[in-house]
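Take a look at the structure below.
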Amino acid sequence: MLSHKKPPNIIEIQDVRYSRGKRAIFDGLNMNFPRGAVSAVMGPSGTGKTTLLNLITGQLVPDDGAVLFDGKVVCPCSRHGLYNTRRQIGVLFQDGALLTDLNVFENVAFPLREHTRLPEQLIRQIVLMRLNSVGLRAAWQRMPSELSGGMARRVGLARALVMDPKLIIYDEPFTGLDPIAVGVILRLIRQTNDVLGITSIVVTHDVAEAEMLADLIFLISEGKVVASGSPLDMQQKASSMVRQFMQGLADGPVPFHYPGTSYADQLQTMSRT
Ligand SMILES: Nc1ncnc2c1ncn2[C@@H]1O[C@H](COP(=O)(O)OP(=O)(O)O)[C@@H](O)[C@H]1O
Ligand SMILES: [Mg+2]
């Protein structure tokens, strides 16, 4: 029998170009996400992190280049192919994206009811198991409006896991959470990855959290990967752009001042009008 060796990278981004209108968001983007690892994709707001997430799930199609999932091109492909890819990718959106008129249990059960014909008893077992793994089994009857930000994100994670994805992508999972909730989410992302033997991609602008969590960090800026490596590698990179971002410096190659005329010129010009 032929043995089907799995490609070492679960996702490969190959020379991807993508524009919105006239603006190039990605201009020859290359990234490999190794199977089993937690990778962080970092970059300033507006660099295209969420856009990258949508290219991986086939929500958006690259203008040029390719995105491979498990060795196969994500887009363009048949509707069936795309559906298959999406079933294997769990996404945790920033706001949890819970359905506000369904309780916690029903939110987590939702993908199973939509995509499978499993009997109710099995659905109950799977949902309770996933809620238990995020520490919220007892909160199954709560409505989304009754949850804290951190709890809503944990319910979102339980729902993202319910279809047994191979890959889970988190979009800004730490934003707006208090430090304790951040700690809980950090631990959950790592545990979920290692216990279930899946692969994780964390899209974030939070440097400290990415350094604590990730095996591999990519820094993107102006449509390209400007640096990548382990957290330690990233701290030791000499490039001033990387230092500015990783150390959170206000000024550097990414200037504090919006580009324009000099202060003196502006005062003169403005006093004439
Ligand atoms: N639906 C859209 N239509 C037009 N431009 C968009 C749309 N969504 C995002 N953009 C633009 O694409 C760029 C990248 O956005 P995004 O991927 O959301 O960045 P990030 O997640 O890194 O903050 C931004 O300049 C943003 O203004
Ligand atoms: Mg974003």
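Identifiers in this document derive from the order of the structure tokens: chains are assigned A, B, ..., residues are numbered from 1 separately in each chain, and ligands are numbered from 1 in order of occurrence.
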Would you list the contacts of Ala24 of chain A as a short mmCIF file (atom, residue, chain, number, x, y, z; two decimals) with all heavy atoms, in the first residue's frame, taking every protein, DNA or RNA residue within 9 Å and counting only C-alpha atoms, but skipping same-chain residues closer than 5 positions in sequence?
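The file below, part.cif, is the result:
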```cif
data_model
loop_
_atom_site.label_atom_id
_atom_site.label_comp_id
_atom_site.auth_asym_id
_atom_site.auth_seq_id
_atom_site.Cartn_x
_atom_site.Cartn_y
_atom_site.Cartn_z
N ARG A 17 -0.31 37.66 -3.94
CA ARG A 17 -0.59 39.08 -4.12
C ARG A 17 -2.08 39.28 -3.96
O ARG A 17 -2.88 38.48 -4.44
CB ARG A 17 -0.19 39.51 -5.54
CG ARG A 17 1.29 39.75 -5.66
CD ARG A 17 1.78 39.77 -7.10
NE ARG A 17 3.03 39.02 -7.12
CZ ARG A 17 4.19 39.51 -6.70
NH1 ARG A 17 4.28 40.75 -6.29
NH2 ARG A 17 5.26 38.76 -6.69
N TYR A 18 -2.41 40.36 -3.27
CA TYR A 18 -3.83 40.66 -3.06
C TYR A 18 -4.01 42.16 -2.89
O TYR A 18 -3.34 42.77 -2.07
CB TYR A 18 -4.36 39.91 -1.83
CG TYR A 18 -5.84 40.15 -1.61
CD1 TYR A 18 -6.78 39.47 -2.37
CD2 TYR A 18 -6.28 41.09 -0.69
CE1 TYR A 18 -8.13 39.72 -2.22
CE2 TYR A 18 -7.63 41.34 -0.53
CZ TYR A 18 -8.55 40.65 -1.30
OH TYR A 18 -9.88 40.92 -1.15
N SER A 19 -4.89 42.74 -3.68
CA SER A 19 -5.14 44.19 -3.58
C SER A 19 -6.60 44.46 -3.29
O SER A 19 -7.48 43.69 -3.68
CB SER A 19 -4.78 44.88 -4.89
OG SER A 19 -3.46 44.62 -5.23
N GLU A 222 3.76 46.08 5.30
CA GLU A 222 3.72 46.52 3.91
C GLU A 222 3.68 45.36 2.92
O GLU A 222 4.42 45.33 1.93
CB GLU A 222 4.89 47.46 3.63
CG GLU A 222 4.75 48.70 4.49
CD GLU A 222 5.79 49.76 4.25
OE1 GLU A 222 6.67 49.56 3.40
OE2 GLU A 222 5.70 50.78 4.93
N GLY A 223 2.83 44.39 3.23
CA GLY A 223 2.53 43.35 2.26
C GLY A 223 3.49 42.18 2.21
O GLY A 223 3.35 41.30 1.38
#
```
Check every protein, DNA and RNA residue against ligand 2, keep those with an atom at most 10 Å away (counting only C-alpha atoms and all ligand atoms), and present them as a PyMOL selection string.
-> chain A and resi 43-53+93-94+171-172+203-205
Just the residues within 12 Å of segment 184-190 of chain A, please, counting only C-alpha atoms, with nothing from its chain fewer than 6 positions along; format it as number ranges by chain.
-> A: 36-40, 92, 130, 132-135, 149-158, 160-161, 167-170, 172-175, 177-178, 196-202, 206, 208-215
File dump, residues just selected, N, CA and C atoms, as a tab-separated table (two decimals), in the first residue's frame:
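Below is the file that was written, out25.tsv:
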```tsv
chain	number	residue	atom	x	y	z
A	36	GLY	N	1.40	21.17	13.74
A	36	GLY	CA	1.59	20.91	15.17
A	36	GLY	C	2.05	22.11	15.99
A	37	ALA	N	2.48	23.18	15.30
A	37	ALA	CA	3.03	24.33	16.02
A	37	ALA	C	1.97	25.39	16.29
A	38	VAL	N	2.26	26.25	17.25
A	38	VAL	CA	1.48	27.48	17.43
A	38	VAL	C	2.29	28.59	16.77
A	39	SER	N	1.76	29.16	15.69
A	39	SER	CA	2.45	30.26	15.01
A	39	SER	C	1.70	31.55	15.27
A	40	ALA	N	2.45	32.63	15.43
A	40	ALA	CA	1.81	33.94	15.60
A	40	ALA	C	2.11	34.79	14.38
A	92	LEU	N	-11.67	31.42	15.45
A	92	LEU	CA	-12.19	32.12	16.62
A	92	LEU	C	-12.09	33.61	16.35
A	130	ARG	N	-16.74	19.70	25.02
A	130	ARG	CA	-16.01	20.91	24.59
A	130	ARG	C	-16.18	22.04	25.60
A	132	ASN	N	-16.67	21.66	28.73
A	132	ASN	CA	-15.85	21.27	29.88
A	132	ASN	C	-14.39	21.64	29.66
A	133	SER	N	-13.90	21.42	28.43
A	133	SER	CA	-12.48	21.67	28.17
A	133	SER	C	-12.15	23.17	28.23
A	134	VAL	N	-13.15	24.05	28.08
A	134	VAL	CA	-12.88	25.48	28.25
A	134	VAL	C	-13.37	25.98	29.62
A	135	GLY	N	-13.75	25.04	30.48
A	135	GLY	CA	-14.13	25.38	31.86
A	135	GLY	C	-15.51	25.99	32.00
A	149	GLY	N	-16.24	39.16	28.53
A	149	GLY	CA	-15.51	39.05	27.26
A	149	GLY	C	-14.70	37.77	27.17
A	150	GLY	N	-14.03	37.44	28.26
A	150	GLY	CA	-13.20	36.23	28.27
A	150	GLY	C	-14.04	34.97	28.14
A	151	MET	N	-15.20	34.96	28.82
A	151	MET	CA	-16.08	33.79	28.72
A	151	MET	C	-16.62	33.64	27.31
A	152	ALA	N	-17.02	34.76	26.69
A	152	ALA	CA	-17.56	34.69	25.33
A	152	ALA	C	-16.51	34.09	24.39
A	153	ARG	N	-15.25	34.48	24.58
A	153	ARG	CA	-14.20	33.94	23.73
A	153	ARG	C	-14.01	32.44	23.96
A	154	ARG	N	-14.15	32.02	25.21
A	154	ARG	CA	-14.01	30.58	25.50
A	154	ARG	C	-15.16	29.78	24.88
A	155	VAL	N	-16.36	30.35	24.89
A	155	VAL	CA	-17.49	29.68	24.22
A	155	VAL	C	-17.20	29.61	22.71
A	156	GLY	N	-16.67	30.70	22.16
A	156	GLY	CA	-16.29	30.71	20.74
A	156	GLY	C	-15.28	29.62	20.44
A	157	LEU	N	-14.35	29.39	21.36
A	157	LEU	CA	-13.35	28.34	21.17
A	157	LEU	C	-14.00	26.96	21.22
A	158	ALA	N	-14.90	26.75	22.19
A	158	ALA	CA	-15.61	25.46	22.26
A	158	ALA	C	-16.35	25.21	20.95
A	160	ALA	N	-15.61	26.51	17.99
A	160	ALA	CA	-14.65	26.28	16.90
A	160	ALA	C	-14.11	24.85	16.92
A	161	LEU	N	-14.13	24.21	18.10
A	161	LEU	CA	-13.54	22.87	18.23
A	161	LEU	C	-14.52	21.74	17.97
A	167	LEU	N	-6.89	22.61	12.09
A	167	LEU	CA	-6.22	23.90	12.25
A	167	LEU	C	-7.20	24.84	12.92
A	168	ILE	N	-6.70	25.61	13.87
A	168	ILE	CA	-7.56	26.63	14.45
A	168	ILE	C	-6.87	27.98	14.33
A	169	ILE	N	-7.63	28.98	13.91
A	169	ILE	CA	-7.07	30.32	13.72
A	169	ILE	C	-7.76	31.27	14.69
A	170	TYR	N	-6.97	32.01	15.43
A	170	TYR	CA	-7.50	32.97	16.39
A	170	TYR	C	-7.23	34.38	15.88
A	172	GLU	N	-6.95	38.07	16.91
A	172	GLU	CA	-6.80	38.99	18.05
A	172	GLU	C	-7.47	38.45	19.32
A	173	PRO	N	-7.01	37.28	19.80
A	173	PRO	CA	-7.72	36.65	20.93
A	173	PRO	C	-7.54	37.36	22.27
A	174	PHE	N	-6.60	38.30	22.38
A	174	PHE	CA	-6.33	38.92	23.69
A	174	PHE	C	-6.92	40.31	23.82
A	175	THR	N	-7.36	40.87	22.70
A	175	THR	CA	-7.79	42.27	22.71
A	175	THR	C	-8.96	42.49	23.65
A	177	LEU	N	-9.27	42.11	26.84
A	177	LEU	CA	-9.47	41.24	28.02
A	177	LEU	C	-8.63	41.73	29.19
A	178	ASP	N	-9.11	41.47	30.43
A	178	ASP	CA	-8.30	41.81	31.59
A	178	ASP	C	-7.16	40.79	31.70
A	196	LEU	N	-4.97	18.22	21.69
A	196	LEU	CA	-5.70	17.69	20.53
A	196	LEU	C	-4.76	17.38	19.36
A	197	GLY	N	-3.50	17.78	19.47
A	197	GLY	CA	-2.55	17.52	18.38
A	197	GLY	C	-2.92	18.23	17.10
A	198	ILE	N	-3.39	19.49	17.23
A	198	ILE	CA	-3.76	20.24	16.04
A	198	ILE	C	-2.69	21.31	15.78
A	199	THR	N	-2.98	22.22	14.85
A	199	THR	CA	-2.07	23.31	14.54
A	199	THR	C	-2.81	24.61	14.82
A	200	SER	N	-2.10	25.62	15.30
A	200	SER	CA	-2.76	26.88	15.64
A	200	SER	C	-2.06	28.07	15.00
A	201	ILE	N	-2.87	29.02	14.55
A	201	ILE	CA	-2.33	30.29	14.05
A	201	ILE	C	-3.00	31.39	14.86
A	202	VAL	N	-2.20	32.23	15.47
A	202	VAL	CA	-2.72	33.31	16.29
A	202	VAL	C	-2.36	34.62	15.62
A	206	ASP	N	-0.38	41.82	19.88
A	206	ASP	CA	0.13	41.81	21.25
A	206	ASP	C	1.46	41.07	21.32
A	208	ALA	N	3.87	40.77	23.79
A	208	ALA	CA	4.22	39.98	24.97
A	208	ALA	C	3.52	38.62	24.93
A	209	GLU	N	2.24	38.61	24.56
A	209	GLU	CA	1.48	37.37	24.53
A	209	GLU	C	2.01	36.44	23.45
A	210	ALA	N	2.32	37.01	22.27
A	210	ALA	CA	2.85	36.18	21.18
A	210	ALA	C	4.17	35.54	21.59
A	211	GLU	N	5.01	36.30	22.30
A	211	GLU	CA	6.31	35.76	22.72
A	211	GLU	C	6.15	34.63	23.73
A	212	MET	N	5.13	34.77	24.60
A	212	MET	CA	4.92	33.73	25.61
A	212	MET	C	4.38	32.44	24.98
A	213	LEU	N	3.59	32.61	23.93
A	213	LEU	CA	2.78	31.51	23.42
A	213	LEU	C	3.39	30.78	22.22
A	214	ALA	N	3.95	31.55	21.29
A	214	ALA	CA	4.20	30.98	19.96
A	214	ALA	C	5.51	30.21	19.87
A	215	ASP	N	5.50	29.18	19.02
A	215	ASP	CA	6.73	28.48	18.65
A	215	ASP	C	7.45	29.27	17.56
```
Distance atom CA of Glu120 of chain A-atom CA of Phe105 of chain A, one decimal place?
-> 12.4 Å
With distances taken over only C-alpha atoms and all ligand atoms, which of A:Thr261, A:Thr100, A:Thr85, A:Leu219 is nearest to ligand 1?
-> A:Leu219
Write out as a PyMOL selection string all residues of segment 77-214 of chain A that backbone DSSP assigns to strand (DSSP E or B).
-> chain A and resi 89-92+167-171+199-204
How far is it from atom CA of Leu128 of chain A to atom CA of Thr192 of chain A, in Å with one decimal?
->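 Here the two named atoms are 15.7 Å from each other.
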